Amino acid sequence: MRREPSILHLDLDAFFAAVEQRDKPSLRGRPVVVGGTGGRGVVSTASYEARAFGARSAMPTAEARRLCPPGTAFLGGRFAAYRRTSEVVMALLRELSPLVEPVSIDEAYVDLAAGDHDLSVPGVTALAADLKARIAVATGGVTGSVGIGTSKAVAKIGSELDKPDGLTVVPPGEELAVLHPLPVRALGGVGPATAERLAQIGVKTIGDLHRLSLVDLTSLVGQAHGAGLYRLARADDDRPVVTDREAKSVSAEETFARDLTDPARLATEIEALAIRVGSRLQRSGTSGRTVTLKVRRYDFSTLTRSQTLAHAVDDPRQIAEIAHRLLGAVDRSGGLRLLGVGVSGLSPYAQGDLFAEPTEVVEPVEVVEPAELPADPEPGPAVVAWYPGQDVVHPDLGSGWVWGSGLNRVTVRFEGPRTTPGPVRTLAADDPDLQPADPPDWTP
DNA sequence: TCTGGGGTCCTAGGACCC
DNA sequence: TCTGGGGTCCTAGGACCC
């Protein structure tokens, strides 16, 4: 725990749904559910309007459909748009400090002590308010909740306290007063199973947890977990903000619309998964020694089978061959609902070739520097609001997304053939040919 | 038309080595 | 003759996170 509130946690509010509402004005103010739209889909994100009807993350989409009224939008998701919007936000965070730890596409920690900031409570409060305003402008209205405190755990809990669009600074010395009334579930690492175990001995709040001895806690939930919770209940958390971590495993899995029994179909699916995993390994210049097959049966029982090899692999054919052999040893009667293939035990460089250089991934990009363009007159009202990351279409130039925008110009990167990034073009912001793209998969 | 997909970390038992 | 213990690797499963 630090003496100053120098760790910031940002959590974007209902992020996927917020991006959809930004890009499709007709969705604003209405319930929006983003996630799997098929029969076995689950909800990734529900907008706050949808949450009012009970829709929640991880809920089966079928249940969300029952809960939400007609007119609710159920969307499959546009991950490229989310990633681009996320990058805009992460770039703003990196302006605050070089120490930014993205936790996921919509969440990050920032170590403000590594930047040049006034770390008093009023100082960081003003900083957070300014950050939130800049995020809203840069993303076209996506909001985030910020928590600031003397540790990661306190910052994270702070960001949860005032959602959405929240701002909570926990002053040094007040950590326990903030933590102790909260349910144990508020602590990172306390899920349904741990909460249930704690509830059985009458522990409901973090304050209750504080009264448990280390021995009681570890005997209840295990050595590492118990020791971790013992410290968290005391706001004793010195985990650093880490900018990038090496991946430890790469995997792909698929739930089928109907359970599969046909051996040929299963073999095809394994090959497809192995190609997804292998190509990602090759793109990142890694390979791994352990191949894992995951199987979920018709009754939702789930098992894994793995094999560790003498050498690391990244070749989809080899991965598929091992996964297929592992599948041969599991009971497939009754049908399989899901198959997954993963590779772990990763090491840099492929296939045990010690002298190979990592494959350089070259993205062909043709960029027209926006700097060559005339500057915008200042100040003045924007003609049209364009937002970085926004999907757009142009009758002659095709589909693309907004790279940057000024008061009366907009820079768009148009998609090239297939997935090759196309050229960047700058257009007048009021060009009538340029239109926001409608999000696909729109089901009223 | 119940329950996704991509991860991380921990535990526990057995094999094997010293 | 009898009886160890520690460390590491592998496998499988489970909890948890977003």
# chains A, B, ... in the order shown; residues from 1 in each chain; ligands from 1
>>> closest_atom_pairs(of="chain B", to="chain A", cutoff="12 Å", atoms="only C-alpha atoms (C1' of nucleotides)", output="CSV")
residue,atom,partner,partner_atom,distance
B:DT1,C1',A:Gly39,CA,5.8
B:DC2,C1',A:Pro60,CA,6.4
B:DT3,C1',A:Pro60,CA,6.3
B:DG4,C1',A:Val42,CA,5.8
B:DG5,C1',A:Glu253,CA,6.9
B:DG6,C1',A:Ser251,CA,7.2
B:DG7,C1',A:Ser249,CA,7.9
B:DT8,C1',A:Lys248,CA,8.5
B:DC9,C1',A:Ala224,CA,9.6
B:DC10,C1',A:Ala224,CA,7.3
B:DT11,C1',A:Gly222,CA,8.3
B:DA12,C1',A:Gly222,CA,11.7
>>> select_by_dssp(residues="range 103-193 of chain A", states="helix (DSSP H, G or I)", output="PyMOL selection string")
chain A and resi 112-114+121-139+152-161+175-179+184-186+192-193
>>> write_last_selection(atoms="N, CA and C atoms", output="tab-separated table (two decimals), in the first residue's frame")
chain	number	residue	atom	x	y	z
A	112	LEU	N	0.01	6.45	-11.58
A	112	LEU	CA	0.19	7.90	-11.72
A	112	LEU	C	1.53	8.36	-11.15
A	113	ALA	N	2.11	7.54	-10.26
A	113	ALA	CA	3.39	7.94	-9.67
A	113	ALA	C	4.50	7.95	-10.72
A	114	ALA	N	4.29	7.25	-11.84
A	114	ALA	CA	5.29	7.24	-12.89
A	114	ALA	C	5.11	8.41	-13.85
A	121	VAL	N	-5.18	14.39	-2.84
A	121	VAL	CA	-6.55	13.97	-3.17
A	121	VAL	C	-7.23	14.96	-4.12
A	122	PRO	N	-7.16	16.27	-3.86
A	122	PRO	CA	-7.76	17.19	-4.84
A	122	PRO	C	-7.07	17.10	-6.20
A	123	GLY	N	-5.75	16.87	-6.18
A	123	GLY	CA	-5.00	16.80	-7.44
A	123	GLY	C	-5.45	15.63	-8.30
A	124	VAL	N	-5.54	14.43	-7.72
A	124	VAL	CA	-5.93	13.27	-8.53
A	124	VAL	C	-7.42	13.31	-8.88
A	125	THR	N	-8.21	13.96	-8.04
A	125	THR	CA	-9.64	14.10	-8.36
A	125	THR	C	-9.81	14.95	-9.62
A	126	ALA	N	-9.07	16.04	-9.68
A	126	ALA	CA	-9.14	16.90	-10.86
A	126	ALA	C	-8.61	16.17	-12.09
A	127	LEU	N	-7.54	15.41	-11.90
A	127	LEU	CA	-6.96	14.64	-13.01
A	127	LEU	C	-7.98	13.66	-13.56
A	128	ALA	N	-8.69	12.97	-12.66
A	128	ALA	CA	-9.65	11.96	-13.10
A	128	ALA	C	-10.83	12.61	-13.81
A	129	ALA	N	-11.28	13.74	-13.30
A	129	ALA	CA	-12.40	14.43	-13.94
A	129	ALA	C	-12.01	14.85	-15.35
A	130	ASP	N	-10.80	15.35	-15.49
A	130	ASP	CA	-10.31	15.77	-16.80
A	130	ASP	C	-10.18	14.56	-17.74
A	131	LEU	N	-9.67	13.45	-17.21
A	131	LEU	CA	-9.53	12.23	-18.02
A	131	LEU	C	-10.89	11.76	-18.54
A	132	LYS	N	-11.88	11.73	-17.64
A	132	LYS	CA	-13.20	11.26	-18.04
A	132	LYS	C	-13.78	12.15	-19.15
A	133	ALA	N	-13.57	13.45	-19.01
A	133	ALA	CA	-14.08	14.35	-20.04
A	133	ALA	C	-13.38	14.10	-21.37
A	134	ARG	N	-12.08	13.88	-21.32
A	134	ARG	CA	-11.35	13.66	-22.58
A	134	ARG	C	-11.72	12.33	-23.21
A	135	ILE	N	-11.99	11.33	-22.38
A	135	ILE	CA	-12.43	10.04	-22.94
A	135	ILE	C	-13.77	10.21	-23.65
A	136	ALA	N	-14.69	10.92	-23.02
A	136	ALA	CA	-16.02	11.09	-23.62
A	136	ALA	C	-15.90	11.81	-24.97
A	137	VAL	N	-15.04	12.83	-25.03
A	137	VAL	CA	-14.88	13.57	-26.29
A	137	VAL	C	-14.22	12.68	-27.35
A	138	ALA	N	-13.14	12.02	-26.96
A	138	ALA	CA	-12.35	11.27	-27.95
A	138	ALA	C	-13.10	10.05	-28.47
A	139	THR	N	-13.99	9.50	-27.68
A	139	THR	CA	-14.69	8.29	-28.11
A	139	THR	C	-16.08	8.60	-28.65
A	152	LYS	N	-3.92	-1.33	-6.14
A	152	LYS	CA	-4.78	-1.81	-7.22
A	152	LYS	C	-6.15	-2.22	-6.71
A	153	ALA	N	-6.17	-2.97	-5.61
A	153	ALA	CA	-7.44	-3.47	-5.10
A	153	ALA	C	-8.38	-2.33	-4.73
A	154	VAL	N	-7.84	-1.31	-4.08
A	154	VAL	CA	-8.66	-0.18	-3.66
A	154	VAL	C	-9.11	0.63	-4.87
A	155	ALA	N	-8.22	0.82	-5.83
A	155	ALA	CA	-8.60	1.57	-7.03
A	155	ALA	C	-9.72	0.85	-7.78
A	156	LYS	N	-9.58	-0.48	-7.88
A	156	LYS	CA	-10.59	-1.26	-8.60
A	156	LYS	C	-11.95	-1.20	-7.91
A	157	ILE	N	-11.93	-1.35	-6.60
A	157	ILE	CA	-13.19	-1.26	-5.87
A	157	ILE	C	-13.77	0.14	-5.99
A	158	GLY	N	-12.91	1.14	-5.96
A	158	GLY	CA	-13.37	2.52	-6.12
A	158	GLY	C	-14.10	2.73	-7.43
A	159	SER	N	-13.58	2.13	-8.50
A	159	SER	CA	-14.22	2.35	-9.80
A	159	SER	C	-15.59	1.68	-9.86
A	160	GLU	N	-15.83	0.70	-9.00
A	160	GLU	CA	-17.12	0.00	-8.99
A	160	GLU	C	-18.18	0.76	-8.19
A	161	LEU	N	-17.73	1.64	-7.30
A	161	LEU	CA	-18.65	2.20	-6.30
A	161	LEU	C	-19.66	3.17	-6.87
A	175	GLU	N	-8.97	3.46	3.59
A	175	GLU	CA	-9.21	2.24	2.83
A	175	GLU	C	-10.12	1.27	3.58
A	176	LEU	N	-9.81	1.02	4.85
A	176	LEU	CA	-10.59	0.01	5.57
A	176	LEU	C	-12.03	0.47	5.78
A	177	ALA	N	-12.21	1.78	6.01
A	177	ALA	CA	-13.57	2.29	6.20
A	177	ALA	C	-14.40	2.09	4.93
A	178	VAL	N	-13.75	2.17	3.78
A	178	VAL	CA	-14.47	1.97	2.51
A	178	VAL	C	-14.72	0.49	2.27
A	179	LEU	N	-13.68	-0.33	2.53
A	179	LEU	CA	-13.76	-1.75	2.21
A	179	LEU	C	-14.71	-2.52	3.13
A	184	VAL	N	-18.05	-9.50	0.50
A	184	VAL	CA	-16.78	-10.13	0.12
A	184	VAL	C	-16.65	-10.27	-1.39
A	185	ARG	N	-17.77	-10.38	-2.08
A	185	ARG	CA	-17.76	-10.53	-3.53
A	185	ARG	C	-17.10	-9.35	-4.23
A	186	ALA	N	-17.02	-8.20	-3.52
A	186	ALA	CA	-16.40	-7.02	-4.13
A	186	ALA	C	-14.90	-7.23	-4.33
A	192	PRO	N	-18.40	-17.03	-6.84
A	192	PRO	CA	-19.54	-17.70	-6.20
A	192	PRO	C	-19.11	-18.79	-5.21
A	193	ALA	N	-18.10	-19.59	-5.56
A	193	ALA	CA	-17.72	-20.72	-4.71
A	193	ALA	C	-17.12	-20.23	-3.39
>>> residues_around(residues="His324 in chain A", least_positions_apart="3", cutoff="12 Å", atoms="only C-alpha atoms (C1' of nucleotides)", output="CSV table (one decimal) with all heavy atoms, in the first residue's frame")
chain,number,residue,atom,x,y,z
A,263,PRO,N,-18.0,-38.5,-36.5
A,263,PRO,CA,-16.5,-38.5,-36.4
A,263,PRO,C,-15.8,-37.6,-37.5
A,263,PRO,O,-14.9,-36.9,-37.1
A,263,PRO,CB,-16.1,-39.9,-36.6
A,263,PRO,CG,-17.3,-40.7,-36.3
A,263,PRO,CD,-18.4,-39.9,-36.7
A,264,ALA,N,-16.4,-37.6,-38.7
A,264,ALA,CA,-15.8,-36.7,-39.7
A,264,ALA,C,-15.9,-35.3,-39.4
A,264,ALA,O,-15.0,-34.4,-39.5
A,264,ALA,CB,-16.4,-37.1,-41.1
A,265,ARG,N,-17.1,-34.9,-38.9
A,265,ARG,CA,-17.4,-33.5,-38.5
A,265,ARG,C,-16.5,-33.1,-37.4
A,265,ARG,O,-15.9,-32.0,-37.3
A,265,ARG,CB,-18.8,-33.3,-38.0
A,265,ARG,CG,-19.8,-32.7,-39.0
A,265,ARG,CD,-19.4,-31.4,-39.6
A,265,ARG,NE,-19.4,-30.2,-38.7
A,265,ARG,CZ,-20.5,-29.6,-38.4
A,265,ARG,NH1,-21.7,-30.0,-38.7
A,265,ARG,NH2,-20.4,-28.5,-37.6
A,266,LEU,N,-16.3,-34.0,-36.4
A,266,LEU,CA,-15.4,-33.7,-35.2
A,266,LEU,C,-14.0,-33.5,-35.7
A,266,LEU,O,-13.3,-32.6,-35.2
A,266,LEU,CB,-15.5,-34.8,-34.2
A,266,LEU,CG,-16.9,-35.0,-33.5
A,266,LEU,CD1,-16.9,-36.3,-32.7
A,266,LEU,CD2,-17.1,-33.8,-32.6
A,267,ALA,N,-13.6,-34.3,-36.6
A,267,ALA,CA,-12.2,-34.2,-37.1
A,267,ALA,C,-12.0,-32.8,-37.8
A,267,ALA,O,-11.0,-32.1,-37.7
A,267,ALA,CB,-11.9,-35.3,-38.1
A,268,THR,N,-13.0,-32.4,-38.6
A,268,THR,CA,-13.0,-31.2,-39.3
A,268,THR,C,-12.9,-30.0,-38.3
A,268,THR,O,-12.2,-29.0,-38.5
A,268,THR,CB,-14.3,-31.0,-40.2
A,268,THR,OG1,-14.4,-32.2,-41.0
A,268,THR,CG2,-14.2,-29.8,-41.1
A,269,GLU,N,-13.7,-30.1,-37.3
A,269,GLU,CA,-13.8,-29.0,-36.3
A,269,GLU,C,-12.4,-28.9,-35.6
A,269,GLU,O,-11.9,-27.8,-35.3
A,269,GLU,CB,-14.9,-29.3,-35.2
A,269,GLU,CG,-16.3,-29.2,-35.8
A,269,GLU,CD,-16.6,-27.8,-36.3
A,269,GLU,OE1,-16.0,-26.8,-35.9
A,269,GLU,OE2,-17.6,-27.7,-37.1
A,270,ILE,N,-11.8,-30.1,-35.3
A,270,ILE,CA,-10.5,-30.0,-34.6
A,270,ILE,C,-9.5,-29.3,-35.5
A,270,ILE,O,-8.7,-28.5,-35.1
A,270,ILE,CB,-10.0,-31.5,-34.3
A,270,ILE,CG1,-10.9,-32.1,-33.2
A,270,ILE,CG2,-8.6,-31.5,-34.0
A,270,ILE,CD1,-10.2,-32.6,-32.1
A,271,GLU,N,-9.5,-29.7,-36.8
A,271,GLU,CA,-8.6,-29.1,-37.7
A,271,GLU,C,-8.8,-27.5,-37.8
A,271,GLU,O,-7.8,-26.8,-37.8
A,271,GLU,CB,-8.7,-29.7,-39.1
A,271,GLU,CG,-8.1,-31.0,-39.3
A,271,GLU,CD,-8.7,-31.9,-40.4
A,271,GLU,OE1,-9.2,-31.3,-41.4
A,271,GLU,OE2,-8.6,-33.1,-40.2
A,272,ALA,N,-10.0,-27.1,-37.8
A,272,ALA,CA,-10.3,-25.7,-37.9
A,272,ALA,C,-9.8,-25.0,-36.6
A,272,ALA,O,-9.2,-23.9,-36.7
A,272,ALA,CB,-11.8,-25.4,-38.0
A,273,LEU,N,-10.0,-25.6,-35.5
A,273,LEU,CA,-9.5,-25.0,-34.2
A,273,LEU,C,-8.0,-25.0,-34.2
A,273,LEU,O,-7.4,-24.0,-33.8
A,273,LEU,CB,-10.0,-25.8,-33.0
A,273,LEU,CG,-11.5,-25.7,-32.8
A,273,LEU,CD1,-12.0,-26.8,-31.8
A,273,LEU,CD2,-11.9,-24.3,-32.3
A,274,ALA,N,-7.4,-26.0,-34.7
A,274,ALA,CA,-5.9,-26.1,-34.7
A,274,ALA,C,-5.3,-25.0,-35.6
A,274,ALA,O,-4.3,-24.5,-35.3
A,274,ALA,CB,-5.4,-27.5,-35.1
A,291,VAL,N,-0.1,-29.6,-25.8
A,291,VAL,CA,-1.3,-29.5,-26.5
A,291,VAL,C,-2.5,-30.0,-25.7
A,291,VAL,O,-2.4,-31.1,-25.1
A,291,VAL,CB,-1.3,-30.2,-27.8
A,291,VAL,CG1,-2.6,-30.2,-28.6
A,291,VAL,CG2,-0.1,-29.7,-28.7
A,292,THR,N,-3.5,-29.2,-25.5
A,292,THR,CA,-4.7,-29.6,-24.7
A,292,THR,C,-5.9,-29.6,-25.5
A,292,THR,O,-6.2,-28.7,-26.3
A,292,THR,CB,-4.8,-28.5,-23.5
A,292,THR,OG1,-3.7,-28.5,-22.8
A,292,THR,CG2,-6.0,-28.9,-22.6
A,293,LEU,N,-6.7,-30.7,-25.3
A,293,LEU,CA,-8.0,-30.8,-26.0
A,293,LEU,C,-9.0,-30.6,-24.9
A,293,LEU,O,-8.9,-31.1,-23.8
A,293,LEU,CB,-8.2,-32.2,-26.5
A,293,LEU,CG,-9.6,-32.5,-27.1
A,293,LEU,CD1,-9.8,-31.8,-28.4
A,293,LEU,CD2,-9.8,-34.0,-27.1
A,294,LYS,N,-10.1,-29.8,-25.2
A,294,LYS,CA,-11.2,-29.6,-24.2
A,294,LYS,C,-12.4,-30.1,-24.9
A,294,LYS,O,-12.7,-29.9,-26.1
A,294,LYS,CB,-11.3,-28.1,-24.0
A,294,LYS,CG,-12.4,-27.7,-23.0
A,294,LYS,CD,-12.4,-26.2,-22.7
A,294,LYS,CE,-13.6,-25.7,-22.0
A,294,LYS,NZ,-13.5,-24.3,-21.7
A,295,VAL,N,-13.2,-30.8,-24.1
A,295,VAL,CA,-14.4,-31.4,-24.6
A,295,VAL,C,-15.6,-31.1,-23.6
A,295,VAL,O,-15.4,-31.2,-22.4
A,295,VAL,CB,-14.3,-32.9,-24.7
A,295,VAL,CG1,-15.6,-33.6,-24.9
A,295,VAL,CG2,-13.3,-33.3,-25.7
A,305,ARG,N,-7.9,-33.0,-21.9
A,305,ARG,CA,-6.8,-34.1,-22.0
A,305,ARG,C,-5.6,-33.4,-22.6
A,305,ARG,O,-5.8,-32.6,-23.6
A,305,ARG,CB,-7.3,-35.2,-22.9
A,305,ARG,CG,-8.4,-36.1,-22.3
A,305,ARG,CD,-7.9,-36.9,-21.1
A,305,ARG,NE,-8.9,-37.7,-20.5
A,305,ARG,CZ,-9.7,-37.2,-19.4
A,305,ARG,NH1,-9.5,-36.0,-18.9
A,305,ARG,NH2,-10.6,-38.0,-18.9
A,306,SER,N,-4.5,-33.6,-22.1
A,306,SER,CA,-3.3,-32.9,-22.6
A,306,SER,C,-2.1,-33.8,-22.8
A,306,SER,O,-2.1,-34.9,-22.2
A,306,SER,CB,-2.9,-31.7,-21.7
A,306,SER,OG,-2.5,-32.3,-20.5
A,307,GLN,N,-1.2,-33.4,-23.7
A,307,GLN,CA,0.0,-34.1,-23.9
A,307,GLN,C,1.1,-33.1,-24.1
A,307,GLN,O,1.0,-32.2,-24.8
A,307,GLN,CB,-0.1,-35.0,-25.2
A,307,GLN,CG,1.1,-35.9,-25.4
A,307,GLN,CD,1.0,-36.7,-26.6
A,307,GLN,OE1,-0.1,-36.8,-27.3
A,307,GLN,NE2,2.1,-37.4,-27.0
A,316,PRO,N,-0.3,-26.1,-37.4
A,316,PRO,CA,-1.6,-26.6,-37.2
A,316,PRO,C,-1.8,-28.1,-37.5
A,316,PRO,O,-2.6,-28.7,-36.8
A,316,PRO,CB,-2.4,-25.8,-38.3
A,316,PRO,CG,-1.6,-24.6,-38.5
A,316,PRO,CD,-0.2,-25.0,-38.3
A,317,ARG,N,-1.1,-28.6,-38.4
A,317,ARG,CA,-1.3,-30.1,-38.7
A,317,ARG,C,-0.8,-30.9,-37.5
A,317,ARG,O,-1.5,-31.9,-37.1
A,317,ARG,CB,-0.5,-30.5,-40.0
A,317,ARG,CG,-1.2,-30.0,-41.2
A,317,ARG,CD,-0.2,-30.1,-42.4
A,317,ARG,NE,1.0,-29.3,-42.1
A,317,ARG,CZ,2.0,-29.2,-43.0
A,317,ARG,NH1,2.0,-29.8,-44.1
A,317,ARG,NH2,3.1,-28.5,-42.6
A,318,GLN,N,0.3,-30.5,-36.9
A,318,GLN,CA,0.8,-31.3,-35.8
A,318,GLN,C,-0.2,-31.1,-34.6
A,318,GLN,O,-0.4,-32.1,-33.8
A,318,GLN,CB,2.2,-30.8,-35.4
A,318,GLN,CG,3.3,-31.2,-36.4
A,318,GLN,CD,4.6,-30.8,-35.9
A,318,GLN,OE1,5.0,-31.2,-34.7
A,318,GLN,NE2,5.4,-30.1,-36.7
A,319,ILE,N,-0.6,-29.9,-34.4
A,319,ILE,CA,-1.5,-29.6,-33.2
A,319,ILE,C,-2.8,-30.4,-33.4
A,319,ILE,O,-3.3,-31.1,-32.5
A,319,ILE,CB,-1.8,-28.1,-33.2
A,319,ILE,CG1,-0.6,-27.3,-32.8
A,319,ILE,CG2,-2.9,-27.8,-32.1
A,319,ILE,CD1,-0.7,-25.8,-33.1
A,320,ALA,N,-3.3,-30.4,-34.7
A,320,ALA,CA,-4.6,-31.2,-34.9
A,320,ALA,C,-4.4,-32.7,-34.7
A,320,ALA,O,-5.2,-33.4,-34.2
A,320,ALA,CB,-5.0,-30.9,-36.4
A,321,GLU,N,-3.2,-33.2,-35.1
A,321,GLU,CA,-3.0,-34.6,-35.0
A,321,GLU,C,-3.0,-35.0,-33.5
A,321,GLU,O,-3.6,-36.0,-33.2
A,321,GLU,CB,-1.6,-34.9,-35.6
A,321,GLU,CG,-1.3,-36.4,-35.8
A,321,GLU,CD,0.1,-36.6,-36.2
A,321,GLU,OE1,0.7,-35.8,-36.9
A,321,GLU,OE2,0.7,-37.6,-35.6
A,327,LEU,N,-8.7,-36.9,-28.5
A,327,LEU,CA,-10.2,-37.0,-28.6
A,327,LEU,C,-10.5,-38.5,-28.7
A,327,LEU,O,-11.6,-38.9,-28.2
A,327,LEU,CB,-10.7,-36.3,-29.9
A,327,LEU,CG,-12.2,-36.4,-30.1
A,327,LEU,CD1,-13.0,-35.7,-29.0
A,327,LEU,CD2,-12.6,-35.7,-31.4
A,328,GLY,N,-9.7,-39.3,-29.4
A,328,GLY,CA,-9.9,-40.7,-29.5
A,328,GLY,C,-10.1,-41.4,-28.2
A,328,GLY,O,-10.7,-42.5,-28.1
A,329,ALA,N,-9.5,-40.9,-27.2
A,329,ALA,CA,-9.5,-41.5,-25.9
A,329,ALA,C,-10.7,-41.0,-25.0
A,329,ALA,O,-10.7,-41.4,-23.8
A,329,ALA,CB,-8.2,-41.3,-25.1
A,330,VAL,N,-11.5,-40.2,-25.5
A,330,VAL,CA,-12.6,-39.7,-24.6
A,330,VAL,C,-14.0,-40.3,-25.1
A,330,VAL,O,-14.1,-40.5,-26.3
A,330,VAL,CB,-12.7,-38.2,-24.4
A,330,VAL,CG1,-11.3,-37.6,-24.1
A,330,VAL,CG2,-13.3,-37.5,-25.7
A,339,LEU,N,-15.9,-28.2,-28.5
A,339,LEU,CA,-14.5,-28.7,-28.6
A,339,LEU,C,-13.6,-27.5,-28.5
A,339,LEU,O,-13.9,-26.4,-29.0
A,339,LEU,CB,-14.3,-29.4,-30.0
A,339,LEU,CG,-14.7,-30.8,-30.2
A,339,LEU,CD1,-14.4,-31.2,-31.6
A,339,LEU,CD2,-14.0,-31.7,-29.2
A,340,GLY,N,-12.5,-27.7,-27.9
A,340,GLY,CA,-11.5,-26.6,-27.8
A,340,GLY,C,-10.1,-27.2,-27.9
A,340,GLY,O,-9.8,-28.4,-27.6
A,341,VAL,N,-9.2,-26.4,-28.5
A,341,VAL,CA,-7.8,-26.8,-28.7
A,341,VAL,C,-6.9,-25.7,-28.2
A,341,VAL,O,-7.2,-24.5,-28.5
A,341,VAL,CB,-7.5,-27.1,-30.2
A,341,VAL,CG1,-6.0,-27.3,-30.4
A,341,VAL,CG2,-8.3,-28.3,-30.7
>>> closest_residue(among="A:Lys163, A:Arg56, A:Arg30, A:Arg22", to="Tyr82 in chain A", atoms="only C-alpha atoms")
A:Arg22
>>> atom_distance(atom1="CA of Val19 in chain A", atom2="CA of Pro70 in chain A")
21.2 Å
>>> select_by_dssp(residues="range 29-120 of chain A", states="strand (DSSP E)", output="NGL selection string")
:A and (32-35 or 43-46 or 73-75 or 100-104 or 107-111)
>>> write_last_selection(atoms="C-alpha atoms", output="mmCIF file, in the first residue's frame")
data_model
loop_
_atom_site.group_PDB
_atom_site.id
_atom_site.type_symbol
_atom_site.label_atom_id
_atom_site.label_comp_id
_atom_site.auth_asym_id
_atom_site.auth_seq_id
_atom_site.Cartn_x
_atom_site.Cartn_y
_atom_site.Cartn_z
ATOM 1 C CA VAL A 32 -29.109 -2.953 -26.161
ATOM 2 C CA VAL A 33 -27.718 -6.447 -25.615
ATOM 3 C CA VAL A 34 -24.431 -7.482 -27.226
ATOM 4 C CA GLY A 35 -23.433 -11.120 -27.303
ATOM 5 C CA VAL A 43 -24.730 -11.928 -23.159
ATOM 6 C CA SER A 44 -21.390 -10.127 -23.295
ATOM 7 C CA THR A 45 -22.683 -6.689 -22.364
ATOM 8 C CA ALA A 46 -26.091 -5.259 -21.578
ATOM 9 C CA ALA A 73 -31.592 -4.559 -29.888
ATOM 10 C CA PHE A 74 -29.746 -7.882 -29.801
ATOM 11 C CA LEU A 75 -26.411 -7.448 -31.551
ATOM 12 C CA VAL A 100 -0.452 1.498 -18.109
ATOM 13 C CA GLU A 101 -1.679 -2.063 -17.583
ATOM 14 C CA PRO A 102 -4.588 -3.012 -19.818
ATOM 15 C CA VAL A 103 -6.570 -5.707 -18.000
ATOM 16 C CA SER A 104 -8.995 -6.263 -20.850
ATOM 17 C CA GLU A 107 -10.323 -1.919 -18.307
ATOM 18 C CA ALA A 108 -6.869 -0.699 -17.271
ATOM 19 C CA TYR A 109 -4.695 0.376 -14.363
ATOM 20 C CA VAL A 110 -2.468 3.452 -14.511
ATOM 21 C CA ASP A 111 0.433 4.146 -12.149
#
